[in-house]
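Have a look at work.csv; it's CSV, C-alpha atoms:
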```csv
chain,number,residue,atom,x,y,z
Q,1,MET,CA,66.4,33.1,-50.6
Q,2,ARG,CA,68.6,34.1,-47.6
Q,3,ARG,CA,66.7,37.4,-47.4
Q,4,GLY,CA,63.6,35.5,-46.6
Q,5,VAL,CA,65.0,33.8,-43.5
Q,6,PRO,CA,64.8,36.8,-41.1
Q,7,ALA,CA,61.2,37.3,-42.2
Q,8,LEU,CA,60.5,33.7,-41.5
Q,9,ILE,CA,62.1,34.0,-38.1
Q,10,LEU,CA,60.1,37.2,-37.3
Q,11,ALA,CA,56.9,35.5,-38.5
Q,12,GLY,CA,57.6,32.2,-37.0
Q,13,LEU,CA,56.2,30.6,-34.0
Q,14,ALA,CA,58.0,29.3,-31.0
Q,15,ILE,CA,56.6,26.2,-29.3
Q,16,ILE,CA,56.9,26.5,-25.6
Q,17,GLY,CA,55.8,23.7,-23.3
Q,18,GLY,CA,53.0,22.5,-25.5
Q,19,GLY,CA,51.8,26.0,-26.2
Q,20,ALA,CA,52.8,28.5,-28.7
Q,21,VAL,CA,53.8,32.1,-28.7
Q,22,LEU,CA,53.8,33.8,-32.0
Q,23,HIS,CA,53.7,36.6,-34.3
Q,24,ALA,CA,53.0,36.1,-37.9
Q,25,GLY,CA,51.6,39.5,-38.8
Q,26,GLY,CA,48.9,39.0,-36.2
Q,27,PHE,CA,47.7,35.7,-37.6
Q,28,ILE,CA,48.3,32.1,-36.4
Q,29,ASP,CA,47.1,29.0,-38.0
Q,30,VAL,CA,45.5,26.2,-35.9
Q,31,THR,CA,44.2,23.0,-37.4
Q,32,GLN,CA,41.4,20.8,-36.2
Q,33,LEU,CA,42.3,17.2,-36.9
Q,34,ASN,CA,41.2,13.9,-35.3
Q,35,ARG,CA,38.8,15.8,-33.1
Q,36,ALA,CA,41.6,17.9,-31.5
Q,37,PHE,CA,43.2,21.3,-31.9
Q,38,SER,CA,46.8,21.2,-33.2
Q,39,VAL,CA,48.0,23.1,-30.1
Q,40,ALA,CA,46.8,23.1,-26.5
Q,41,ALA,CA,47.7,26.7,-25.7
Q,42,LEU,CA,48.5,30.0,-27.4
Q,43,THR,CA,49.7,33.4,-26.3
Q,44,LEU,CA,48.7,36.3,-28.4
Q,45,HIS,CA,48.3,40.0,-28.4
Q,46,VAL,CA,45.1,42.0,-28.5
Q,47,GLY,CA,44.1,42.2,-32.2
Q,48,ASP,CA,45.7,39.0,-33.2
Q,49,THR,CA,43.7,36.5,-35.2
Q,50,VAL,CA,43.6,32.7,-35.0
Q,51,ARG,CA,42.7,30.9,-38.3
Q,52,PHE,CA,41.1,27.6,-37.5
Q,53,ASN,CA,41.3,25.2,-40.4
Q,54,ASN,CA,39.1,22.1,-40.3
Q,55,LYS,CA,41.1,19.2,-41.6
Q,56,ASP,CA,38.7,16.6,-40.4
Q,57,PRO,CA,36.1,15.0,-42.8
Q,58,PHE,CA,33.3,16.3,-40.6
Q,59,ASN,CA,32.1,19.5,-39.1
Q,60,HIS,CA,33.5,21.5,-36.2
Q,61,GLN,CA,32.3,24.7,-34.6
Q,62,ILE,CA,34.3,27.3,-32.7
Q,63,TYR,CA,33.0,29.2,-29.7
Q,64,VAL,CA,34.3,31.2,-26.7
Q,65,LYS,CA,32.1,32.0,-23.8
Q,66,SER,CA,33.3,34.4,-21.1
Q,67,LEU,CA,32.3,37.5,-19.3
Q,68,ASP,CA,34.4,39.8,-21.4
Q,69,PHE,CA,34.6,38.1,-24.8
Q,70,ASN,CA,32.3,35.8,-26.7
Q,71,PHE,CA,32.4,34.2,-30.1
Q,72,ASP,CA,30.1,31.7,-31.8
Q,73,SER,CA,30.9,30.5,-35.3
Q,74,PRO,CA,28.5,28.7,-37.6
Q,75,GLU,CA,29.2,25.0,-38.2
Q,76,GLN,CA,32.5,24.7,-40.0
Q,77,VAL,CA,32.5,22.3,-42.9
Q,78,PRO,CA,35.5,20.2,-43.8
Q,79,GLY,CA,38.2,22.4,-45.3
Q,80,GLU,CA,36.7,25.6,-44.1
Q,81,THR,CA,38.7,28.2,-42.2
Q,82,VAL,CA,37.2,30.2,-39.4
Q,83,ASN,CA,38.9,33.4,-38.3
Q,84,LEU,CA,38.8,34.4,-34.6
Q,85,THR,CA,40.2,37.9,-33.7
Q,86,PHE,CA,40.8,38.4,-30.0
Q,87,THR,CA,39.9,42.0,-29.1
Q,88,LYS,CA,40.2,41.7,-25.3
Q,89,PRO,CA,43.0,40.7,-23.0
Q,90,GLY,CA,42.6,37.7,-20.8
Q,91,THR,CA,42.7,34.0,-20.9
Q,92,PHE,CA,40.0,32.3,-22.9
Q,93,ASP,CA,38.9,28.7,-23.4
Q,94,VAL,CA,38.2,28.1,-27.1
Q,95,GLN,CA,36.0,25.1,-27.6
Q,96,CYS,CA,34.2,23.1,-30.3
Q,97,GLY,CA,30.5,23.0,-30.0
Q,98,ILE,CA,30.4,19.5,-31.5
Q,99,HIS,CA,33.3,17.9,-29.8
Q,100,PRO,CA,33.3,18.9,-26.1
Q,101,ARG,CA,36.8,17.5,-25.4
Q,102,MET,CA,38.4,20.0,-27.8
Q,103,HIS,CA,39.9,22.9,-25.8
Q,104,LEU,CA,42.4,25.5,-26.7
Q,105,SER,CA,43.6,27.9,-24.0
Q,106,VAL,CA,44.4,31.3,-25.4
Q,107,THR,CA,46.1,34.0,-23.4
Q,108,VAL,CA,45.7,37.4,-24.9
Q,109,GLN,CA,48.2,40.0,-23.6
Y,110,MET,CA,10.6,-2.6,-70.2
Y,111,ARG,CA,9.2,-5.1,-67.7
Y,112,ALA,CA,12.1,-4.3,-65.4
Y,113,ILE,CA,11.3,-0.6,-65.6
Y,114,ILE,CA,7.7,-1.3,-64.8
Y,115,LEU,CA,8.7,-3.5,-61.9
Y,116,ALA,CA,11.1,-0.9,-60.5
Y,117,VAL,CA,8.5,1.8,-60.7
Y,118,ALA,CA,6.0,-0.4,-59.0
Y,119,LEU,CA,8.5,-1.2,-56.2
Y,120,LEU,CA,9.2,2.5,-55.7
Y,121,LEU,CA,5.5,3.3,-55.5
Y,122,THR,CA,4.9,0.7,-52.9
Y,123,ALA,CA,8.0,1.4,-50.9
Y,124,ALA,CA,7.2,5.0,-50.1
Y,125,PRO,CA,3.8,4.3,-48.3
Y,126,ALA,CA,5.5,1.4,-46.5
Y,127,GLN,CA,8.1,3.7,-45.1
Y,128,ALA,CA,5.6,6.4,-44.3
Y,129,ALA,CA,3.7,3.7,-42.3
Y,130,LEU,CA,6.9,3.0,-40.4
Y,131,PHE,CA,7.2,6.7,-39.6
Y,132,ASP,CA,3.7,6.5,-38.1
Y,133,ASP,CA,4.5,3.2,-36.3
Y,134,LEU,CA,7.5,4.9,-34.6
Y,135,GLY,CA,5.2,7.6,-33.3
Y,136,GLY,CA,6.0,10.3,-35.8
Y,137,GLU,CA,8.7,12.8,-35.3
Y,138,ALA,CA,7.9,13.2,-31.6
Y,139,GLY,CA,8.0,9.5,-31.1
Y,140,ILE,CA,11.3,9.2,-32.8
Y,141,GLY,CA,12.6,12.0,-30.7
Y,142,HIS,CA,11.6,10.1,-27.6
Y,143,ILE,CA,13.2,6.9,-28.8
Y,144,VAL,CA,16.4,8.8,-29.6
Y,145,SER,CA,16.4,10.4,-26.1
Y,146,LEU,CA,16.0,7.0,-24.5
Y,147,ALA,CA,18.6,5.5,-26.7
Y,148,ALA,CA,21.1,8.3,-26.1
Y,149,ALA,CA,20.8,7.7,-22.3
Y,150,ARG,CA,21.4,4.0,-22.9
Y,151,PHE,CA,24.5,4.7,-25.1
Y,152,LEU,CA,26.1,6.8,-22.4
Y,153,GLY,CA,25.3,4.2,-19.8
Y,154,ASP,CA,26.6,1.3,-21.7
Y,155,PRO,CA,30.2,0.6,-20.8
Y,156,ARG,CA,30.7,-1.2,-24.2
Y,157,ILE,CA,30.2,2.0,-26.1
Y,158,ALA,CA,30.0,5.0,-23.7
Y,159,ALA,CA,33.6,6.0,-24.5
Y,160,THR,CA,32.8,6.5,-28.2
Y,161,PHE,CA,30.4,9.3,-27.2
Y,162,GLY,CA,32.9,10.9,-24.8
Y,163,ASN,CA,33.8,13.7,-27.3
Y,164,THR,CA,30.3,14.2,-28.7
Y,165,ASN,CA,27.8,17.0,-28.1
Y,166,MET,CA,24.9,14.8,-27.2
Y,167,ASP,CA,22.2,17.4,-27.8
Y,168,ARG,CA,23.4,17.9,-31.3
Y,169,PHE,CA,23.8,14.1,-31.8
Y,170,GLN,CA,20.2,13.6,-30.7
Y,171,ARG,CA,18.9,16.2,-33.1
Y,172,MET,CA,20.9,14.7,-36.0
Y,173,LEU,CA,19.9,11.1,-35.2
Y,174,THR,CA,16.2,12.1,-34.9
Y,175,ALA,CA,16.3,13.7,-38.3
Y,176,GLN,CA,18.1,10.8,-39.8
Y,177,LEU,CA,15.7,8.1,-38.4
Y,178,CYS,CA,12.7,10.3,-39.3
Y,179,GLN,CA,14.0,10.5,-42.9
Y,180,VAL,CA,14.9,6.8,-43.1
Y,181,ALA,CA,11.4,5.9,-41.8
Y,182,GLY,CA,9.7,7.9,-44.5
Y,183,GLY,CA,8.9,11.0,-42.4
Y,184,PRO,CA,9.0,14.6,-43.6
Y,185,CYS,CA,12.5,15.3,-42.2
Y,186,LEU,CA,15.7,16.1,-44.0
Y,187,TYR,CA,18.9,14.8,-42.5
Y,188,LYS,CA,21.6,17.3,-43.1
Y,189,GLY,CA,24.4,15.6,-41.4
Y,190,HIS,CA,27.4,13.8,-42.9
Y,191,ASP,CA,27.4,10.4,-44.4
Y,192,MET,CA,28.2,7.6,-42.0
Y,193,VAL,CA,31.8,7.2,-43.2
Y,194,ALA,CA,32.6,10.8,-42.4
Y,195,ALA,CA,30.6,10.9,-39.2
Y,196,HIS,CA,32.4,8.0,-37.8
Y,197,HIS,CA,35.9,8.8,-39.1
Y,198,GLY,CA,38.6,8.0,-36.6
Y,199,LEU,CA,36.3,6.4,-34.0
Y,200,ASP,CA,37.6,2.9,-34.8
Y,201,ILE,CA,34.3,1.3,-34.1
Y,202,ASN,CA,34.3,-2.5,-34.1
Y,203,GLN,CA,31.4,-5.0,-34.7
Y,204,ALA,CA,30.8,-5.6,-31.0
Y,205,GLN,CA,30.3,-1.9,-30.4
Y,206,PHE,CA,28.0,-1.7,-33.4
Y,207,ASN,CA,26.0,-4.6,-32.1
Y,208,ALA,CA,25.8,-3.0,-28.6
Y,209,LEU,CA,24.4,0.2,-30.1
Y,210,VAL,CA,21.8,-1.7,-32.0
Y,211,GLU,CA,20.8,-3.5,-28.8
Y,212,ASP,CA,20.5,-0.2,-27.0
Y,213,LEU,CA,18.4,1.2,-29.8
Y,214,GLN,CA,16.1,-1.9,-29.7
Y,215,ASP,CA,15.8,-1.5,-26.0
Y,216,ALA,CA,14.8,2.1,-26.4
Y,217,MET,CA,12.2,1.3,-29.0
Y,218,THR,CA,10.8,-1.4,-26.7
Y,219,ALA,CA,10.6,1.1,-23.8
Y,220,SER,CA,8.8,3.5,-26.2
Y,221,GLY,CA,6.2,0.9,-27.0
Y,222,VAL,CA,7.2,0.3,-30.6
Y,223,ALA,CA,6.0,-3.0,-32.0
Y,224,TYR,CA,8.5,-5.7,-32.6
Y,225,HIS,CA,7.8,-5.8,-36.4
Y,226,ALA,CA,8.3,-2.0,-36.7
Y,227,GLN,CA,11.6,-2.2,-34.8
Y,228,ASN,CA,12.8,-4.8,-37.3
Y,229,ARG,CA,11.7,-2.7,-40.2
Y,230,LEU,CA,13.7,0.2,-39.0
Y,231,LEU,CA,16.7,-1.9,-38.2
Y,232,ALA,CA,16.6,-3.4,-41.6
Y,233,LEU,CA,16.8,0.0,-43.1
Y,234,LEU,CA,19.7,0.9,-40.9
Y,235,ALA,CA,21.6,-2.3,-41.4
Y,236,PRO,CA,23.4,-1.3,-44.6
Y,237,MET,CA,25.1,1.5,-42.6
Y,238,GLN,CA,27.1,-1.1,-40.7
Y,239,ARG,CA,29.8,-1.3,-43.5
Y,240,ASP,CA,30.4,2.4,-43.2
Y,241,VAL,CA,30.4,2.5,-39.4
Y,242,VAL,CA,32.5,-0.5,-38.5
Y,243,THR,CA,36.1,0.1,-39.4
Y,244,ARG,CA,38.0,-2.5,-37.4
```

Encoded form using structure tokens:
Amino acid sequence: MRRGVPALILAGLAIIGGGAVLHAGGFIDVTQLNRAFSVAALTLHVGDTVRFNNKDPFNHQIYVKSLDFNFDSPEQVPGETVNLTFTKPGTFDVQCGIHPRMHLSVTVQ
Amino acid sequence: MRAIILAVALLLTAAPAQAALFDDLGGEAGIGHIVSLAAARFLGDPRIAATFGNTNMDRFQRMLTAQLCQVAGGPCLYKGHDMVAAHHGLDINQAQFNALVEDLQDAMTASGVAYHAQNRLLALLAPMQRDVVTR
């Protein structure tokens, strides 16, 4: 059991000022609940993937629109996970196409 | 046996009645116009505007048009959520529900929909109240 602790620490995520910096093998989980993302901001590295899990009883939809990086998921039904891999550095506003107040700021280093 | 015959007869007469309602609302284009007017009223109505603050109104209008079209007997298929899921967490009260109905009636009047047709549509929508109002 104790051998697992360092791995957990390495894989863990540190919450800093409402945002999160992480490394969990290049993956971080973000939930969508009550028409909001579970975190307001994230700092990642190029190649990291955010797994968005819809825990609301209705659809969400993930998109990023920028000059350098774009993403547009299909509608995400309740319980479904959408993976978004960031392949470019920069700061991106992840939004929900159905609920316009949902924003997640992702800084990719 | 009589009950079955009566039920079948009711089903056979209900479908044309609803199709007639679809026509009375102006078909799919007419319903789309009603929804467009209604959406503008929802957003301009201080009693309910806040409940639409986190809503993609373009998508909302597409979904509501499909829903009303289907309810009215038109050739549309509403693919959205049931009313319980769609309104989850919005904490809508009876006054807000009534305000929305008033705005919808106002939009139908502005679209030239006859009063009796308005009432037929509202009667079909009325059972949704129990799924929408949660406080």

Give me the residues within 9 Å of Val106 (chain Q) as an MDAnalysis selection string, counting all atoms listed in the file and dropping any in the same chain fewer than 6 places off. chainID Q and resid 40:44 90:94

Counting all atoms listed in the file, which residue out of Q:Phe69, Q:His103, Q:Val50, Q:Ile62 sits closest to Leu84 (chain Q)?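 Closest to Leu84 (chain Q) of all the choices is Q:Val50.
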
Would you mind telling me which residue in Q:Phe86, Q:Phe27, Q:His60, Q:Ser38 lies nearest to chain Y when using all atoms listed in the file?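 Of the candidates, the smallest distance to chain Y is held by Q:His60.
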
When you get a sec, could you note down which chain Q residues fall within 8 Å of chain Y, using only C-alpha atoms, as a list in words?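 Matching residues, ligands excluded from the count: Asn34, Arg35, Pro57, Phe58, Gly97, Ile98, His99, Pro100, Arg101 and Met102 of chain Q.
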
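Atom pair CA of Arg156 (chain Y) / CA of Ala219 (chain Y): separated by 20.2 Å.
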
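The space separating CA of Gln179 (chain Y) from CA of Phe206 (chain Y) comes to 20.9 Å.
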
For a test of reading the model, state the distance in Å between CA of Ala147 (chain Y) and CA of Leu213 (chain Y), rounded to one decimal.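 These atoms are spaced 5.3 Å apart.
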
Calculated over only C-alpha atoms, which of the candidates Q:Pro89, Q:Gly26, Q:Val46, Q:Val64 has the smallest distance to Leu104 (chain Q)?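 So, comparing all the options, the nearest one is Q:Val64.
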
Write out as JSON, numbers by chain each polymer residue whose atoms come within 6 Å of Leu33 (chain Q), counting all atoms listed in the file; drop sequence neighbours fewer than 2 positions from it. {"Q": [35, 36, 55, 56]}

Using all atoms listed in the file, which of the listed residues (Q:Thr31, Q:Gln61, Q:Thr87, Q:His45) sits closest to Glu75 (chain Q)? Q:Gln61

Can you patch up region 48-61 of chain Q, filling it in to N, CA, C and O atoms, and show the result as a short mmCIF file (atom, residue, chain, number, x, y, z; two decimals), in the coordinates of the input?
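Here's the written file selection.cif:
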```cif
data_model
loop_
_atom_site.label_atom_id
_atom_site.label_comp_id
_atom_site.auth_asym_id
_atom_site.auth_seq_id
_atom_site.Cartn_x
_atom_site.Cartn_y
_atom_site.Cartn_z
N ASP Q 48 45.24 40.11 -32.45
CA ASP Q 48 45.70 39.00 -33.20
C ASP Q 48 44.52 38.06 -33.61
O ASP Q 48 43.51 38.00 -32.91
N THR Q 49 44.72 37.35 -34.70
CA THR Q 49 43.70 36.50 -35.20
C THR Q 49 44.15 35.04 -35.31
O THR Q 49 45.25 34.79 -35.80
N VAL Q 50 43.34 34.13 -34.85
CA VAL Q 50 43.60 32.70 -35.00
C VAL Q 50 42.78 32.20 -36.19
O VAL Q 50 41.57 32.44 -36.24
N ARG Q 51 43.44 31.53 -37.11
CA ARG Q 51 42.70 30.90 -38.30
C ARG Q 51 42.60 29.45 -38.00
O ARG Q 51 43.60 28.72 -38.01
N PHE Q 52 41.39 29.03 -37.78
CA PHE Q 52 41.10 27.60 -37.50
C PHE Q 52 40.75 26.92 -38.82
O PHE Q 52 39.77 27.27 -39.46
N ASN Q 53 41.56 25.94 -39.19
CA ASN Q 53 41.30 25.20 -40.40
C ASN Q 53 40.86 23.78 -40.12
O ASN Q 53 41.58 23.02 -39.48
N ASN Q 54 39.67 23.45 -40.56
CA ASN Q 54 39.10 22.10 -40.30
C ASN Q 54 39.66 21.09 -41.28
O ASN Q 54 39.28 21.06 -42.44
N LYS Q 55 40.55 20.23 -40.78
CA LYS Q 55 41.10 19.20 -41.60
C LYS Q 55 40.49 17.82 -41.39
O LYS Q 55 40.99 16.80 -41.86
N ASP Q 56 39.44 17.81 -40.60
CA ASP Q 56 38.70 16.60 -40.40
C ASP Q 56 37.64 16.44 -41.53
O ASP Q 56 37.27 17.44 -42.16
N PRO Q 57 37.14 15.22 -41.74
CA PRO Q 57 36.10 15.00 -42.80
C PRO Q 57 34.70 15.32 -42.29
O PRO Q 57 33.74 14.95 -42.95
N PHE Q 58 34.61 15.94 -41.11
CA PHE Q 58 33.30 16.30 -40.60
C PHE Q 58 33.34 17.68 -39.97
O PHE Q 58 34.41 18.29 -39.88
N ASN Q 59 32.17 18.16 -39.56
CA ASN Q 59 32.10 19.50 -39.10
C ASN Q 59 32.71 19.77 -37.74
O ASN Q 59 32.75 18.87 -36.89
N HIS Q 60 33.18 20.99 -37.55
CA HIS Q 60 33.50 21.50 -36.20
C HIS Q 60 32.75 22.78 -36.02
O HIS Q 60 31.98 23.22 -36.89
N GLN Q 61 32.95 23.40 -34.86
CA GLN Q 61 32.30 24.70 -34.60
C GLN Q 61 33.12 25.33 -33.47
O GLN Q 61 33.47 24.67 -32.48
#
```
